[in-house]
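Participant: If it helps, the file is called structure-v7.cif and holds mmCIF, C-alpha atoms:
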```cif
data_structure
#
loop_
_atom_site.group_PDB
_atom_site.id
_atom_site.type_symbol
_atom_site.label_atom_id
_atom_site.label_comp_id
_atom_site.auth_asym_id
_atom_site.auth_seq_id
_atom_site.Cartn_x
_atom_site.Cartn_y
_atom_site.Cartn_z
ATOM 1 C CA MET A 22 -81.563 -85.139 -21.368
ATOM 2 C CA THR A 23 -81.481 -81.984 -23.460
ATOM 3 C CA ASN A 24 -81.041 -78.529 -21.958
ATOM 4 C CA GLU A 25 -84.699 -77.842 -22.703
ATOM 5 C CA GLY A 26 -85.768 -81.058 -20.968
ATOM 6 C CA LEU A 27 -83.564 -80.294 -17.976
ATOM 7 C CA SER A 28 -84.972 -76.773 -17.777
ATOM 8 C CA ARG A 29 -88.513 -78.196 -17.810
ATOM 9 C CA GLU A 30 -87.668 -80.661 -15.000
ATOM 10 C CA LEU A 31 -86.074 -77.913 -12.905
ATOM 11 C CA LYS A 32 -89.210 -75.781 -13.299
ATOM 12 C CA LYS A 33 -91.325 -78.730 -12.158
ATOM 13 C CA LEU A 34 -89.009 -79.308 -9.188
ATOM 14 C CA ARG A 35 -89.122 -75.610 -8.246
ATOM 15 C CA SER A 36 -92.924 -75.698 -8.359
ATOM 16 C CA PHE A 37 -93.001 -78.901 -6.273
ATOM 17 C CA CYS A 38 -90.714 -77.308 -3.671
ATOM 18 C CA THR A 39 -92.796 -74.139 -3.554
ATOM 19 C CA LYS A 40 -95.974 -76.133 -2.942
ATOM 20 C CA HIS A 41 -94.336 -78.190 -0.187
ATOM 21 C CA ARG A 42 -92.449 -75.374 1.553
ATOM 22 C CA PRO A 43 -94.628 -75.630 4.713
ATOM 23 C CA ALA A 44 -93.719 -79.326 5.063
ATOM 24 C CA PHE A 45 -90.026 -78.585 4.470
ATOM 25 C CA THR A 46 -90.181 -75.972 7.215
ATOM 26 C CA GLU A 47 -92.074 -78.068 9.752
ATOM 27 C CA TYR A 48 -90.112 -81.265 9.320
ATOM 28 C CA GLY A 49 -86.796 -79.538 8.638
ATOM 29 C CA LEU A 50 -87.025 -77.831 12.025
ATOM 30 C CA ARG A 51 -87.721 -81.192 13.654
ATOM 31 C CA ALA A 52 -84.997 -83.015 11.752
ATOM 32 C CA LEU A 53 -82.304 -80.474 12.560
ATOM 33 C CA GLN A 54 -83.599 -80.082 16.141
ATOM 34 C CA LEU A 55 -83.159 -76.332 15.868
ATOM 35 C CA SER A 56 -84.900 -75.794 19.204
ATOM 36 C CA LYS A 57 -81.936 -77.536 20.816
ATOM 37 C CA ASP A 58 -79.237 -75.910 18.653
ATOM 38 C CA PRO A 59 -80.370 -73.004 16.431
ATOM 39 C CA THR A 60 -76.903 -72.846 14.849
ATOM 40 C CA ARG A 61 -77.084 -76.372 13.452
ATOM 41 C CA CYS A 62 -78.520 -74.991 10.205
ATOM 42 C CA THR A 63 -75.113 -73.367 9.603
ATOM 43 C CA ARG A 64 -73.452 -76.804 9.509
ATOM 44 C CA ASP A 65 -76.056 -79.295 8.291
ATOM 45 C CA PHE A 66 -78.905 -79.434 5.805
ATOM 46 C CA LEU A 67 -81.856 -81.700 5.048
ATOM 47 C CA LEU A 68 -81.338 -83.658 1.837
ATOM 48 C CA ILE A 69 -84.552 -85.046 0.335
ATOM 49 C CA SER A 70 -84.214 -87.566 -2.487
ATOM 50 C CA VAL A 71 -86.902 -87.391 -5.162
ATOM 51 C CA PHE A 72 -87.542 -88.728 -8.641
ATOM 52 C CA PRO A 73 -89.974 -87.444 -11.276
ATOM 53 C CA VAL A 74 -93.386 -89.042 -11.680
ATOM 54 C CA PRO A 75 -93.975 -89.432 -15.423
ATOM 55 C CA ASP A 76 -97.066 -87.738 -16.883
ATOM 56 C CA GLU A 77 -98.120 -86.213 -13.534
ATOM 57 C CA THR A 78 -99.859 -82.899 -14.198
ATOM 58 C CA ARG A 79 -100.207 -81.648 -10.609
ATOM 59 C CA SER A 80 -97.009 -79.928 -9.476
ATOM 60 C CA GLU A 81 -97.444 -81.060 -5.856
ATOM 61 C CA LYS A 82 -97.316 -84.706 -7.053
ATOM 62 C CA ALA A 83 -94.762 -84.291 -9.856
ATOM 63 C CA PHE A 84 -92.054 -85.985 -7.747
ATOM 64 C CA LYS A 85 -91.945 -88.938 -5.394
ATOM 65 C CA ALA A 86 -89.824 -88.523 -2.270
ATOM 66 C CA THR A 87 -87.828 -91.658 -1.510
ATOM 67 C CA GLY A 88 -85.585 -90.586 1.348
ATOM 68 C CA ALA A 89 -84.506 -87.807 3.678
ATOM 69 C CA GLU A 90 -81.238 -87.440 5.558
ATOM 70 C CA ILE A 91 -79.393 -84.834 7.602
ATOM 71 C CA MET A 92 -76.102 -84.103 5.887
ATOM 72 C CA PRO A 93 -73.144 -81.842 6.682
ATOM 73 C CA PHE A 94 -72.559 -78.930 4.303
ATOM 74 C CA ASP A 95 -69.319 -80.495 3.047
ATOM 75 C CA THR A 96 -71.038 -83.724 1.931
ATOM 76 C CA PHE A 97 -70.582 -82.825 -1.745
ATOM 77 C CA GLY A 98 -67.093 -81.439 -1.255
ATOM 78 C CA GLU A 99 -65.601 -78.499 0.566
ATOM 79 C CA GLU A 100 -66.254 -76.160 -2.387
ATOM 80 C CA HIS A 101 -70.012 -76.834 -2.292
ATOM 81 C CA GLY A 102 -70.011 -76.548 1.493
ATOM 82 C CA ASP A 103 -68.344 -73.157 1.206
ATOM 83 C CA GLU A 104 -70.965 -72.133 -1.359
ATOM 84 C CA LEU A 105 -73.796 -73.078 1.031
ATOM 85 C CA ARG A 106 -72.151 -71.191 3.880
ATOM 86 C CA SER A 107 -71.698 -68.173 1.593
ATOM 87 C CA GLN A 108 -75.390 -68.243 0.644
ATOM 88 C CA LEU A 109 -76.357 -68.325 4.337
ATOM 89 C CA LYS A 110 -74.054 -65.395 5.057
ATOM 90 C CA THR A 111 -75.646 -63.426 2.183
ATOM 91 C CA TYR A 112 -79.134 -64.183 3.534
ATOM 92 C CA GLU A 113 -78.029 -63.024 6.976
ATOM 93 C CA GLN A 114 -76.457 -59.797 5.664
ATOM 94 C CA GLU A 115 -79.560 -58.984 3.622
ATOM 95 C CA ASN A 116 -81.864 -60.015 6.497
ATOM 96 C CA ILE A 117 -83.479 -62.702 4.334
ATOM 97 C CA CYS A 118 -84.666 -66.026 5.685
ATOM 98 C CA PRO A 119 -85.235 -68.662 2.940
ATOM 99 C CA VAL A 120 -87.600 -70.536 5.261
ATOM 100 C CA GLY A 121 -89.277 -68.556 7.985
ATOM 101 C CA PHE A 122 -90.039 -69.495 11.559
ATOM 102 C CA ASN A 123 -90.847 -67.606 14.710
ATOM 103 C CA SER A 124 -89.850 -67.850 18.370
ATOM 104 C CA ASP A 125 -92.154 -70.870 18.861
ATOM 105 C CA ILE A 126 -89.242 -72.942 17.592
ATOM 106 C CA TYR A 127 -87.751 -72.846 21.089
ATOM 107 C CA GLN A 128 -90.878 -74.539 22.466
ATOM 108 C CA MET A 129 -90.671 -77.534 20.098
ATOM 109 C CA GLU A 130 -90.179 -80.957 21.619
ATOM 110 C CA ILE A 131 -86.896 -82.586 20.690
ATOM 111 C CA GLY A 132 -86.905 -86.069 19.229
ATOM 112 C CA GLN A 133 -90.220 -85.889 17.383
ATOM 113 C CA PRO A 134 -90.460 -88.190 14.350
ATOM 114 C CA TRP A 135 -89.760 -86.392 11.100
ATOM 115 C CA ARG A 136 -88.551 -88.668 8.274
ATOM 116 C CA GLU A 137 -91.609 -90.875 7.728
ATOM 117 C CA PRO A 138 -94.175 -88.100 8.316
ATOM 118 C CA LEU A 139 -92.251 -85.851 5.885
ATOM 119 C CA LEU A 140 -92.148 -88.500 3.160
ATOM 120 C CA GLU A 141 -95.838 -89.305 3.666
ATOM 121 C CA LYS A 142 -96.747 -85.624 3.450
ATOM 122 C CA LEU A 143 -94.697 -85.034 0.296
ATOM 123 C CA ASN A 144 -96.032 -88.140 -1.450
ATOM 124 C CA SER A 145 -99.671 -87.547 -0.511
ATOM 125 C CA GLY A 146 -99.939 -84.480 -2.722
ATOM 126 C CA ILE A 147 -101.710 -82.615 0.081
ATOM 127 C CA VAL A 148 -100.247 -79.187 0.701
ATOM 128 C CA GLN A 149 -101.056 -76.773 3.517
#
```
Using the file provided, produce a representation of the structure as structure tokens.
Facilitator:
Amino acid sequence: MTNEGLSRELKKLRSFCTKHRPAFTEYGLRALQLSKDPTRCTRDFLLISVFPVPDETRSEKAFKATGAEIMPFDTFGEEHGDELRSQLKTYEQENICPVGFNSDIYQMEIGQPWREPLLEKLNSGIVQ
């Protein structure tokens, strides 16, 4: 893929992620069980596997989600894990939260299903 083609795909992916941010927040909170351990997001992340849908014009349907897993930050090597931790520290220092949530998180039930509902939501093309 050329640099131009890669740039185009990254723009599509960014748009897809922006459209689905509410689903990432809702199901990410469930998956990481942050109501049980709010610090877990400093060790683990939600990895969602997607592939492009050829000729799809709607950004919310431009990718098909095929899987979702909880992974430790060091999954892709210690260097990448350190980079993720550094980004979190920068967000904290600048009082920025990449995905927002309020104190209701502590009222969430633990053990709610998240993987299948997340994939269904992402692949339906319906955004909140």
Participant: Assuming 3 Å of padding per side, give the centre and edge lengths of the axis-aligned box around every listed atom of segment 65-78 of chain A, in Å to one decimal and as AutoDock Vina command-line options.
Facilitator:
```
--center_x -88.0 --center_y -84.4 --center_z -4.3 --size_x 29.8 --size_y 16.1 --size_z 31.2
```
Participant: Using only C-alpha atoms for the distances, tell me which of A:Gln149, A:Tyr112, A:Leu140, A:Pro134 is nearest to Gln54 of chain A.
Facilitator: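 When distances to Gln54 of chain A are compared using only C-alpha atoms, the smallest one comes from A:Pro134.
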Participant: Report, in Å to a single decimal, how far apart atom CA of Phe37 of chain A and atom CA of Pro59 of chain A are.
Facilitator: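 Distance between the two atoms: 26.6 Å.
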Participant: Would you please work out which residue, of A:Pro93, A:Pro138, A:Gly132, A:Pro75, is nearest to Ala44 of chain A when using all atoms listed in the file?
Facilitator: A:Pro138
Participant: How far is it from atom CA of Thr39 of chain A to atom CA of Leu143 of chain A, in Å with one decimal?
Facilitator: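 Spanning atom CA of Thr39 of chain A to atom CA of Leu143 of chain A is a straight-line distance of 11.7 Å.
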Participant: Fewer than 2 positions away in the same chain doesn't count, so skip those; otherwise give me all residues within 7 Å of segment 144-147 of chain A, counting all atoms listed in the file, as a list in words.
Facilitator: Glu81, Lys82, Lys85, Ala86, Leu140, Glu141, Lys142 and Gln149 of chain A
Participant: Selected residues, C-alpha atoms, written as a compact mmCIF listing (two decimals), in the coordinates of the input, please.
Facilitator:
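Output saved as again_38.txt:
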```txt
# COMPACT_ATOMS: atom_id res chain seq x y z
CA GLU A 81 -97.44 -81.06 -5.86
CA LYS A 82 -97.32 -84.71 -7.05
CA LYS A 85 -91.94 -88.94 -5.39
CA ALA A 86 -89.82 -88.52 -2.27
CA LEU A 140 -92.15 -88.50 3.16
CA GLU A 141 -95.84 -89.30 3.67
CA LYS A 142 -96.75 -85.62 3.45
CA GLN A 149 -101.06 -76.77 3.52
```
Participant: Report as a PDB file with C-alpha atoms, keeping the file's coordinate frame all protein, DNA and RNA residues lying within 10 Å of Ile91 of chain A, evaluated on only C-alpha atoms, omitting residues in the same chain fewer than 5 positions from it.
Facilitator:
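Done, and the output landed in part.pdb:
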```pdb
ATOM      1  CA  GLY A  49     -86.796 -79.538   8.638  1.00  0.00           C
ATOM      2  CA  ALA A  52     -84.997 -83.015  11.752  1.00  0.00           C
ATOM      3  CA  LEU A  53     -82.304 -80.474  12.560  1.00  0.00           C
ATOM      4  CA  ASP A  65     -76.056 -79.295   8.291  1.00  0.00           C
ATOM      5  CA  PHE A  66     -78.905 -79.434   5.805  1.00  0.00           C
ATOM      6  CA  LEU A  67     -81.856 -81.700   5.048  1.00  0.00           C
ATOM      7  CA  LEU A  68     -81.338 -83.658   1.837  1.00  0.00           C
ATOM      8  CA  ILE A  69     -84.552 -85.046   0.335  1.00  0.00           C
ATOM      9  CA  ARG A 136     -88.551 -88.668   8.274  1.00  0.00           C
TER      10      ARG A 136
END
```
Participant: Let me make sure I understand: among A:Thr60, A:Thr46, A:Gln108, A:Asn24, which one has the smallest atom-to-atom distance to Leu139 of chain A if we use all atoms listed in the file?
Facilitator: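 When distances to Leu139 of chain A are compared using all atoms listed in the file, the smallest one comes from A:Thr46.
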Participant: Go ahead and compute the interatomic distance for atom CA of Val148 of chain A and atom CA of Lys33 of chain A, in Å to one decimal.
Facilitator: 15.7 Å
Participant: Which residue, A:Glu25, A:Glu30, A:Glu137, A:Glu100, has the smallest gap to Thr87 of chain A when you use all atoms listed in the file?
Facilitator: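 Among A:Glu25, A:Glu30, A:Glu137, A:Glu100, it is A:Glu137 that comes nearest to Thr87 of chain A.
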Participant: Of the candidates A:Met92, A:Ala83, A:Leu105, A:Met22, which one gets nearest to Lys40 of chain A if we count all atoms listed in the file?
Facilitator: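 So, comparing all the options, the nearest one is A:Ala83.
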